[in-house]
$ cat model-v1.txt   # compact mmCIF, C-alpha atoms and all ligand atoms
# COMPACT_ATOMS: atom_id res chain seq x y z
CA MET A 17 121.37 151.33 136.61
CA ILE A 18 117.94 152.28 137.88
CA ASP A 19 116.77 151.30 141.35
CA ILE A 20 112.98 151.34 141.83
CA HIS A 21 112.86 150.74 145.61
CA SER A 22 114.91 152.48 148.32
CA HIS A 23 114.60 154.17 151.70
CA ILE A 24 117.11 156.95 151.17
CA LEU A 25 115.10 159.99 152.27
CA PRO A 26 116.37 161.12 155.69
CA GLY A 27 114.19 160.78 158.77
CA LEU A 28 110.98 159.53 157.17
CA ASP A 29 111.06 155.85 158.07
CA ASP A 30 113.52 153.13 159.08
CA GLY A 31 115.85 154.05 156.21
CA ALA A 32 118.41 156.89 156.32
CA TYR A 33 118.45 158.31 159.83
CA ASP A 34 119.63 161.79 158.87
CA LEU A 35 121.09 163.77 155.98
CA ASP A 36 124.62 162.51 156.61
CA GLU A 37 123.51 158.91 156.28
CA ALA A 38 121.37 159.73 153.23
CA LEU A 39 124.38 161.29 151.52
CA LEU A 40 126.51 158.24 152.37
CA MET A 41 123.81 156.04 150.87
CA ALA A 42 123.69 158.22 147.75
CA ARG A 43 127.46 157.91 147.31
CA GLN A 44 127.24 154.14 147.76
CA ALA A 45 124.43 153.96 145.18
CA VAL A 46 126.51 155.88 142.64
CA SER A 47 129.59 153.78 143.32
CA CYS A 48 127.67 150.60 142.55
CA GLY A 49 126.47 152.04 139.24
CA ILE A 50 123.05 153.53 140.03
CA HIS A 51 122.24 156.82 138.29
CA THR A 52 118.51 157.03 139.06
CA LEU A 53 116.58 155.77 142.02
CA ILE A 54 113.06 155.96 143.30
CA ALA A 55 112.71 156.93 146.95
CA THR A 56 109.94 154.77 148.41
CA PRO A 57 109.32 155.54 152.10
CA HIS A 58 107.06 153.12 153.95
CA HIS A 59 103.42 154.10 154.16
CA MET A 60 100.65 152.56 156.29
CA ASN A 61 102.77 149.68 157.57
CA GLY A 62 101.72 150.24 161.17
CA ARG A 63 104.84 152.25 162.02
CA PHE A 64 105.13 154.91 159.32
CA TYR A 65 102.69 157.22 157.58
CA ASN A 66 104.24 159.24 154.76
CA SER A 67 101.83 161.11 152.52
CA CYS A 68 102.90 161.53 148.92
CA VAL A 69 102.80 165.35 149.27
CA GLN A 70 105.40 165.15 152.03
CA ILE A 71 107.54 162.69 150.03
CA VAL A 72 107.58 164.96 146.97
CA GLN A 73 108.79 167.88 149.13
CA TYR A 74 111.51 165.73 150.72
CA VAL A 75 112.68 164.51 147.31
CA LYS A 76 112.96 168.07 146.01
CA THR A 77 115.01 169.17 149.04
CA PHE A 78 117.21 166.06 148.90
CA GLN A 79 117.83 166.45 145.16
CA ASP A 80 119.02 170.03 145.79
CA GLN A 81 121.39 168.72 148.47
CA LEU A 82 122.74 166.01 146.14
CA ASP A 83 123.33 168.65 143.48
CA ASP A 84 125.11 170.91 146.01
CA TYR A 85 127.44 168.02 146.90
CA ASN A 86 127.95 167.11 143.23
CA ILE A 87 126.61 163.60 143.72
CA PRO A 88 125.38 162.44 140.30
CA LEU A 89 122.16 160.78 141.36
CA ARG A 90 118.62 161.51 140.21
CA VAL A 91 115.93 160.84 142.81
CA ILE A 92 112.28 160.29 141.95
CA ALA A 93 109.37 160.26 144.41
CA GLY A 94 107.56 157.02 145.14
CA GLN A 95 105.96 155.21 148.05
CA GLU A 96 105.99 151.66 149.40
CA ILE A 97 102.35 151.15 150.32
CA ARG A 98 101.28 148.42 152.73
CA ILE A 99 98.16 146.77 151.35
CA TYR A 100 94.95 148.03 152.99
CA PRO A 101 91.32 148.05 151.88
CA GLN A 102 91.03 151.77 150.98
CA LEU A 103 94.18 151.75 148.87
CA LEU A 104 92.53 152.30 145.49
CA GLU A 105 90.31 155.17 146.67
CA GLU A 106 93.26 156.90 148.33
CA LEU A 107 95.37 156.45 145.21
CA SER A 108 92.64 158.09 143.16
CA SER A 109 92.19 160.93 145.68
CA GLY A 110 95.92 161.75 145.73
CA VAL A 111 96.79 160.58 149.25
CA LEU A 112 98.86 157.78 147.74
CA SER A 113 101.39 157.93 144.98
CA SER A 114 102.58 155.58 142.28
CA LEU A 115 106.27 155.33 141.37
CA GLY A 116 107.17 158.68 139.83
CA ASN A 117 103.56 159.34 138.84
CA SER A 118 103.68 156.35 136.50
CA ARG A 119 101.15 153.55 136.17
CA TYR A 120 103.30 151.40 138.52
CA VAL A 121 102.39 151.13 142.23
CA LEU A 122 104.74 149.52 144.76
CA LEU A 123 102.77 147.34 147.19
CA GLU A 124 104.07 145.79 150.40
CA LEU A 125 102.57 142.68 151.99
CA PRO A 126 102.86 142.06 155.73
CA PRO A 127 105.81 139.70 156.34
CA ASP A 128 103.72 136.79 157.62
CA ARG A 129 100.66 136.56 155.37
CA ILE A 130 98.81 137.64 152.25
CA PRO A 131 95.80 139.75 153.29
CA THR A 132 92.53 138.47 151.84
CA VAL A 133 91.95 141.83 150.13
CA THR A 134 95.17 141.51 148.08
CA GLU A 135 93.69 139.74 145.06
CA LYS A 136 90.85 142.26 144.81
CA ILE A 137 93.26 145.20 145.07
CA VAL A 138 95.47 143.72 142.34
CA LYS A 139 92.46 143.23 140.05
CA ASP A 140 91.06 146.72 140.81
CA LEU A 141 94.42 148.37 140.12
CA ILE A 142 94.73 146.55 136.79
CA GLN A 143 91.18 147.59 135.91
CA SER A 144 92.06 151.21 136.62
CA ASN A 145 95.05 150.97 134.23
CA ARG A 146 97.62 150.78 136.99
CA VAL A 147 100.18 148.04 137.49
CA PRO A 148 100.84 146.73 141.01
CA ILE A 149 104.39 145.67 141.81
CA ILE A 150 104.61 143.29 144.78
CA ALA A 151 107.70 144.26 146.81
CA HIS A 152 109.97 141.40 147.93
CA PRO A 153 107.45 138.51 147.78
CA GLU A 154 110.34 136.13 148.49
CA ARG A 155 110.33 137.40 152.10
CA ASN A 156 106.61 136.78 152.72
CA ARG A 157 106.03 133.67 154.84
CA GLU A 158 102.87 132.57 153.00
CA ILE A 159 104.58 132.89 149.62
CA ILE A 160 107.70 131.09 150.89
CA GLU A 161 105.43 128.19 151.88
CA SER A 162 103.30 128.34 148.72
CA PRO A 163 104.97 130.24 145.86
CA GLU A 164 101.95 129.37 143.69
CA LYS A 165 100.11 132.15 145.56
CA LEU A 166 102.43 134.69 143.93
CA LEU A 167 101.86 133.00 140.58
CA LYS A 168 98.13 133.66 141.01
CA LEU A 169 98.70 137.39 141.65
CA VAL A 170 101.02 137.61 138.64
CA ASP A 171 98.40 135.82 136.54
CA HIS A 172 96.02 138.64 137.49
CA GLY A 173 98.54 141.17 136.16
CA ALA A 174 100.76 142.00 139.14
CA LEU A 175 104.52 142.28 138.71
CA SER A 176 107.05 141.22 141.30
CA GLN A 177 110.24 142.78 142.69
CA ILE A 178 112.99 140.70 144.29
CA THR A 179 115.40 142.37 146.72
CA ALA A 180 119.08 142.36 145.78
CA HIS A 181 120.18 141.08 149.18
CA SER A 182 117.81 138.11 148.90
CA LEU A 183 119.78 136.93 145.87
CA LEU A 184 123.01 137.42 147.78
CA GLY A 185 121.96 135.18 150.66
CA SER A 186 121.62 137.93 153.28
CA TYR A 187 118.22 136.53 154.36
CA GLY A 188 119.39 132.91 154.33
CA LYS A 189 119.70 130.05 151.90
CA THR A 190 115.95 129.32 151.60
CA ILE A 191 115.13 132.87 150.49
CA MET A 192 118.16 132.96 148.19
CA GLN A 193 117.14 129.75 146.42
CA LEU A 194 113.50 130.83 146.25
CA SER A 195 114.54 134.18 144.73
CA LEU A 196 116.56 132.46 142.03
CA ARG A 197 113.70 130.08 141.31
CA MET A 198 111.34 133.05 140.99
CA CYS A 199 113.75 134.58 138.46
CA ARG A 200 113.89 131.32 136.50
CA SER A 201 110.08 130.99 136.60
CA GLY A 202 109.27 134.43 135.20
CA LEU A 203 108.06 135.50 138.65
CA ALA A 204 110.62 138.27 139.09
CA HIS A 205 110.21 141.36 136.96
CA PHE A 206 112.55 143.66 138.88
CA ILE A 207 115.59 143.52 141.10
CA ALA A 208 115.80 146.47 143.49
CA SER A 209 117.98 147.37 146.46
CA ASP A 210 115.30 148.14 149.09
CA ALA A 211 118.31 149.89 150.66
CA HIS A 212 117.82 151.16 154.22
CA ASP A 213 121.45 151.99 155.07
CA THR A 214 124.99 151.47 153.80
CA ALA A 215 125.68 148.27 155.73
CA LYS A 216 123.46 145.20 156.01
CA SER A 217 120.68 146.66 153.86
CA GLY A 218 122.86 148.72 151.56
CA PHE A 219 122.84 149.04 147.79
CA ALA A 220 124.02 145.78 146.30
CA LEU A 221 122.34 145.97 142.94
CA ASP A 222 125.56 145.42 140.97
CA LYS A 223 126.32 142.25 142.92
CA ALA A 224 122.74 140.96 142.56
CA TYR A 225 122.80 141.52 138.80
CA GLY A 226 126.13 139.68 138.83
CA VAL A 227 124.34 136.66 140.32
CA ILE A 228 121.59 136.88 137.69
CA GLN A 229 124.18 137.11 134.92
CA ALA A 230 126.07 134.07 136.25
CA LYS A 231 122.94 131.94 136.76
CA LEU A 232 120.59 133.12 134.01
CA GLY A 233 122.74 135.01 131.53
CA GLU A 234 123.02 138.50 130.10
CA GLY A 235 119.54 138.39 128.51
CA ALA A 236 117.88 138.10 131.92
CA VAL A 237 119.89 141.05 133.25
CA ARG A 238 118.91 143.17 130.24
CA SER A 239 115.25 142.27 130.62
CA LEU A 240 115.16 143.16 134.33
CA GLN A 241 117.00 146.44 133.73
CA HIS A 242 114.69 147.28 130.84
CA ASN A 243 111.67 146.79 133.12
CA ALA A 244 113.11 149.29 135.62
CA TRP A 245 113.57 151.75 132.74
CA CYS A 246 109.92 151.18 131.72
CA VAL A 247 108.82 152.26 135.21
CA ILE A 248 110.57 155.62 135.16
CA GLN A 249 109.47 156.20 131.55
CA ASP A 250 105.93 155.00 132.31
CA VAL A 251 106.05 152.52 129.45
CA ALA A 252 104.09 149.24 129.38
CA ILE A 253 105.98 146.07 130.33
CA THR A 254 105.34 142.92 128.36
CA ALA A 255 105.81 140.08 130.83
CA GLU A 256 106.03 136.48 129.72
CA HIS A 257 103.57 134.06 131.26
CA PRO A 258 105.24 132.64 134.39
CA VAL A 259 105.78 128.90 134.72
CA TRP A 260 106.72 127.83 138.22
CA VAL A 261 109.98 125.85 138.22
CA LYS A 262 109.80 123.22 140.96
CA PRO A 263 112.85 122.74 143.18
CA LYS A 264 115.44 120.26 141.91
CA TRP A 265 114.73 117.78 144.75
CA PHE A 266 111.05 117.76 143.76
CA ARG A 267 111.88 116.99 140.12
CA VAL A 268 114.22 114.15 141.14
CA TRP A 269 111.64 112.77 143.58
CA LYS A 270 108.90 112.87 140.93
CA ALA A 271 111.10 111.15 138.32
CA TYR A 272 111.93 108.43 140.87
CA LYS A 273 108.23 108.03 141.75
CA ILE A 274 107.31 107.53 138.08
FE FE B 301 111.18 148.77 151.27

$ encode --input "model-v1.txt" --output "structure tokens" --more "lines below"
Ligand SMILES: [Fe+2]
Amino acid sequence: MIDIHSHILPGLDDGAYDLDEALLMARQAVSCGIHTLIATPHHMNGRFYNSCVQIVQYVKTFQDQLDDYNIPLRVIAGQEIRIYPQLLEELSSGVLSSLGNSRYVLLELPPDRIPTVTEKIVKDLIQSNRVPIIAHPERNREIIESPEKLLKLVDHGALSQITAHSLLGSYGKTIMQLSLRMCRSGLAHFIASDAHDTAKSGFALDKAYGVIQAKLGEGAVRSLQHNAWCVIQDVAITAEHPVWVKPKWFRVWKAYKI
């Protein structure tokens, strides 16, 4: 499996604290079936600033360490970029990085809102032949309250990445059900670990794909895994037009009303 979002690099953000923990995380990733992962340290989220030059150096050093320990994991440099107005200019000037130098850029929203500049940034990225991937929209308060707001961003060309632990219920029932509904609605193009450690936020990609297989079938798993492959190969993803599936209670209520 390929994991497009993780915080495995030691000491850069709130992910792996040191090399020992990073190696433990790498072993856990391999044991759950991951062979390639993109390291995406936080950038510009108010706590962490990690330039792409620094991340590339860290990835190189960490890959050498993995090879020394015979851990069969390939690590690719990426960045989880909090949305801010100068994002596009800084991407063009080389301060920011896409995922593995591909067309795909991992964007993080603040947890409580969608900044007004988001729609413009999505459109500008698409116009510059890049593809924004919205990281864990199912954990954004404004999207939880109005999932149609994600639909609008996807309509503009953004893709969306659900976190494995959201599907497993680690963030509560509401987020778990919303995540599944996003998958059913064509509003989830990737499942990724967003792993920060080996415990509560560990790699659980195999279990999350197990949920997708049980609820949506093997075809959905294959499609999501193919999309992750497209990112590391820098190949275009053909996404179906999303159609928001209303919650079951809403459908029953509407039928009763009619
Ligand atoms: Fe993350």

$ atom_distance --input "model-v1.txt" --atom1 "atom CA of Gly226 of chain A" --atom2 "atom CA of Val46 of chain A"
16.6 Å

$ closest_residue --input "model-v1.txt" --among "A:Tyr33, A:Leu203, A:Ile178, A:Leu196" --to "Ala230 of chain A" --atoms "all atoms listed in the file"
A:Leu196

$ residues_around --input "model-v1.txt" --residues "Ser67 of chain A" --least-positions-apart "6" --cutoff "9 Å" --atoms "all atoms listed in the file" --output "ChimeraX atom specification"
/A:59,95,111-113

$ closest_residue --input "model-v1.txt" --among "A:Thr56, A:Ser182, A:Thr77, A:Ser239" --to "ligand FE 301 (chain B)" --atoms "only C-alpha atoms and all ligand atoms"
A:Thr56

$ closest_residue --input "model-v1.txt" --among "A:Thr179, A:Ser162, A:Asn117, A:Gln143" --to "ligand FE 301 (chain B)" --atoms "all atoms listed in the file"
A:Thr179

$ closest_atom_pairs --input "model-v1.txt" --of "chain A" --to "ligand FE 301 (chain B)" --cutoff "8 Å" --atoms "only C-alpha atoms and all ligand atoms" --output "tab-separated table"
residue	atom	partner	partner_atom	distance
A:His21	CA	B:FE301	FE	6.2
A:Ser22	CA	B:FE301	FE	6.0
A:His23	CA	B:FE301	FE	6.4
A:Thr56	CA	B:FE301	FE	6.8
A:Pro57	CA	B:FE301	FE	7.1
A:His58	CA	B:FE301	FE	6.6
A:Glu96	CA	B:FE301	FE	6.2
A:Glu124	CA	B:FE301	FE	7.8
A:Ala151	CA	B:FE301	FE	7.2
A:Asp210	CA	B:FE301	FE	4.7
A:Ala211	CA	B:FE301	FE	7.2
A:His212	CA	B:FE301	FE	7.6

$ closest_residue --input "model-v1.txt" --among "A:Asn145, A:Thr190, A:Gln102, A:Asn86" --to "Ser114 of chain A" --atoms "all atoms listed in the file"
A:Asn145

$ residues_near_point --input "model-v1.txt" --point "(117.7, 156.3, 139.5)" --cutoff "7 Å" --atoms "only C-alpha atoms" --output "JSON list (two decimals) with C-alpha atoms, keeping the file's coordinate frame"
[["chain", "number", "residue", "atom", "x", "y", "z"],
["A", 17, "MET", "CA", 121.37, 151.33, 136.61],
["A", 18, "ILE", "CA", 117.94, 152.28, 137.88],
["A", 19, "ASP", "CA", 116.77, 151.30, 141.35],
["A", 50, "ILE", "CA", 123.05, 153.53, 140.03],
["A", 51, "HIS", "CA", 122.24, 156.82, 138.29],
["A", 52, "THR", "CA", 118.51, 157.03, 139.06],
["A", 53, "LEU", "CA", 116.58, 155.77, 142.02],
["A", 54, "ILE", "CA", 113.06, 155.96, 143.30],
["A", 89, "LEU", "CA", 122.16, 160.78, 141.36],
["A", 90, "ARG", "CA", 118.62, 161.51, 140.21],
["A", 91, "VAL", "CA", 115.93, 160.84, 142.81]]

$ residues_around --input "model-v1.txt" --residues "segment 35-42 of chain A" --least-positions-apart "2" --cutoff "8 Å" --atoms "all atoms listed in the file" --output "list in words"
Ile24, Leu25, Pro26, Ala32, Tyr33, Gln44, Ala45, Val46, Leu82, Ile87, Leu89, Asp213, Thr214, Gly218 and Phe219 of chain A

$ atom_distance --input "model-v1.txt" --atom1 "atom CA of Asp140 of chain A" --atom2 "atom CA of Val247 of chain A"
19.4 Å

$ residues_around --input "model-v1.txt" --residues "segment 200-202 of chain A" --least-positions-apart "6" --cutoff "10 Å" --atoms "all atoms listed in the file" --output "compact mmCIF listing (two decimals) with C-alpha atoms, in the coordinates of the input"
# COMPACT_ATOMS: atom_id res chain seq x y z
CA LEU A 167 101.86 133.00 140.58
CA VAL A 170 101.02 137.61 138.64
CA LEU A 175 104.52 142.28 138.71
CA SER A 176 107.05 141.22 141.30
CA LEU A 194 113.50 130.83 146.25
CA ILE A 228 121.59 136.88 137.69
CA LYS A 231 122.94 131.94 136.76
CA LEU A 232 120.59 133.12 134.01
CA ALA A 236 117.88 138.10 131.92
CA ALA A 255 105.81 140.08 130.83
CA GLU A 256 106.03 136.48 129.72
CA HIS A 257 103.57 134.06 131.26
CA PRO A 258 105.24 132.64 134.39
CA VAL A 259 105.78 128.90 134.72
CA TRP A 260 106.72 127.83 138.22
CA VAL A 261 109.98 125.85 138.22
CA LYS A 262 109.80 123.22 140.96

$ atom_distance --input "model-v1.txt" --atom1 "atom CA of Leu125 of chain A" --atom2 "atom CA of Lys189 of chain A"
21.3 Å

$ closest_residue --input "model-v1.txt" --among "A:Ser109, A:Asn243, A:Gln249, A:Ser186" --to "Ser217 of chain A" --atoms "only C-alpha atoms"
A:Ser186

$ build_atoms --input "model-v1.txt" --residues "segment 151-163 of chain A" --atoms "N, CA, C and O atoms" --output "PDB file, keeping the file's coordinate frame"
ATOM      1  N   ALA A 151     106.330 144.114 146.299  1.00  0.00           N
ATOM      2  CA  ALA A 151     107.700 144.260 146.810  1.00  0.00           C
ATOM      3  C   ALA A 151     108.126 142.995 147.555  1.00  0.00           C
ATOM      4  O   ALA A 151     107.353 142.428 148.328  1.00  0.00           O
ATOM      5  N   HIS A 152     109.312 142.563 147.303  1.00  0.00           N
ATOM      6  CA  HIS A 152     109.970 141.400 147.930  1.00  0.00           C
ATOM      7  C   HIS A 152     109.026 140.263 148.369  1.00  0.00           C
ATOM      8  O   HIS A 152     108.961 139.934 149.560  1.00  0.00           O
ATOM      9  N   PRO A 153     108.332 139.635 147.417  1.00  0.00           N
ATOM     10  CA  PRO A 153     107.450 138.510 147.780  1.00  0.00           C
ATOM     11  C   PRO A 153     108.236 137.330 148.353  1.00  0.00           C
ATOM     12  O   PRO A 153     107.675 136.518 149.091  1.00  0.00           O
ATOM     13  N   GLU A 154     109.517 137.263 148.017  1.00  0.00           N
ATOM     14  CA  GLU A 154     110.340 136.130 148.490  1.00  0.00           C
ATOM     15  C   GLU A 154     110.559 136.173 150.003  1.00  0.00           C
ATOM     16  O   GLU A 154     111.066 135.207 150.582  1.00  0.00           O
ATOM     17  N   ARG A 155     110.155 137.294 150.654  1.00  0.00           N
ATOM     18  CA  ARG A 155     110.330 137.400 152.100  1.00  0.00           C
ATOM     19  C   ARG A 155     108.988 137.286 152.835  1.00  0.00           C
ATOM     20  O   ARG A 155     108.932 137.510 154.038  1.00  0.00           O
ATOM     21  N   ASN A 156     107.931 136.944 152.105  1.00  0.00           N
ATOM     22  CA  ASN A 156     106.610 136.780 152.720  1.00  0.00           C
ATOM     23  C   ASN A 156     106.403 135.306 153.101  1.00  0.00           C
ATOM     24  O   ASN A 156     106.542 134.423 152.244  1.00  0.00           O
ATOM     25  N   ARG A 157     106.077 135.055 154.352  1.00  0.00           N
ATOM     26  CA  ARG A 157     106.030 133.670 154.840  1.00  0.00           C
ATOM     27  C   ARG A 157     105.058 132.806 154.030  1.00  0.00           C
ATOM     28  O   ARG A 157     105.376 131.683 153.653  1.00  0.00           O
ATOM     29  N   GLU A 158     103.868 133.363 153.725  1.00  0.00           N
ATOM     30  CA  GLU A 158     102.870 132.570 153.000  1.00  0.00           C
ATOM     31  C   GLU A 158     103.351 132.232 151.586  1.00  0.00           C
ATOM     32  O   GLU A 158     103.083 131.138 151.084  1.00  0.00           O
ATOM     33  N   ILE A 159     104.065 133.150 150.967  1.00  0.00           N
ATOM     34  CA  ILE A 159     104.580 132.890 149.620  1.00  0.00           C
ATOM     35  C   ILE A 159     105.775 131.924 149.681  1.00  0.00           C
ATOM     36  O   ILE A 159     105.935 131.071 148.806  1.00  0.00           O
ATOM     37  N   ILE A 160     106.584 132.047 150.735  1.00  0.00           N
ATOM     38  CA  ILE A 160     107.700 131.090 150.890  1.00  0.00           C
ATOM     39  C   ILE A 160     107.135 129.669 150.979  1.00  0.00           C
ATOM     40  O   ILE A 160     107.649 128.740 150.348  1.00  0.00           O
ATOM     41  N   GLU A 161     106.027 129.523 151.720  1.00  0.00           N
ATOM     42  CA  GLU A 161     105.430 128.190 151.880  1.00  0.00           C
ATOM     43  C   GLU A 161     104.679 127.731 150.629  1.00  0.00           C
ATOM     44  O   GLU A 161     104.679 126.559 150.304  1.00  0.00           O
ATOM     45  N   SER A 162     104.076 128.682 149.924  1.00  0.00           N
ATOM     46  CA  SER A 162     103.300 128.340 148.720  1.00  0.00           C
ATOM     47  C   SER A 162     103.544 129.371 147.627  1.00  0.00           C
ATOM     48  O   SER A 162     102.740 130.292 147.439  1.00  0.00           O
ATOM     49  N   PRO A 163     104.660 129.240 146.893  1.00  0.00           N
ATOM     50  CA  PRO A 163     104.970 130.240 145.860  1.00  0.00           C
ATOM     51  C   PRO A 163     103.880 130.359 144.787  1.00  0.00           C
ATOM     52  O   PRO A 163     103.783 131.375 144.100  1.00  0.00           O
TER      53      PRO A 163
END
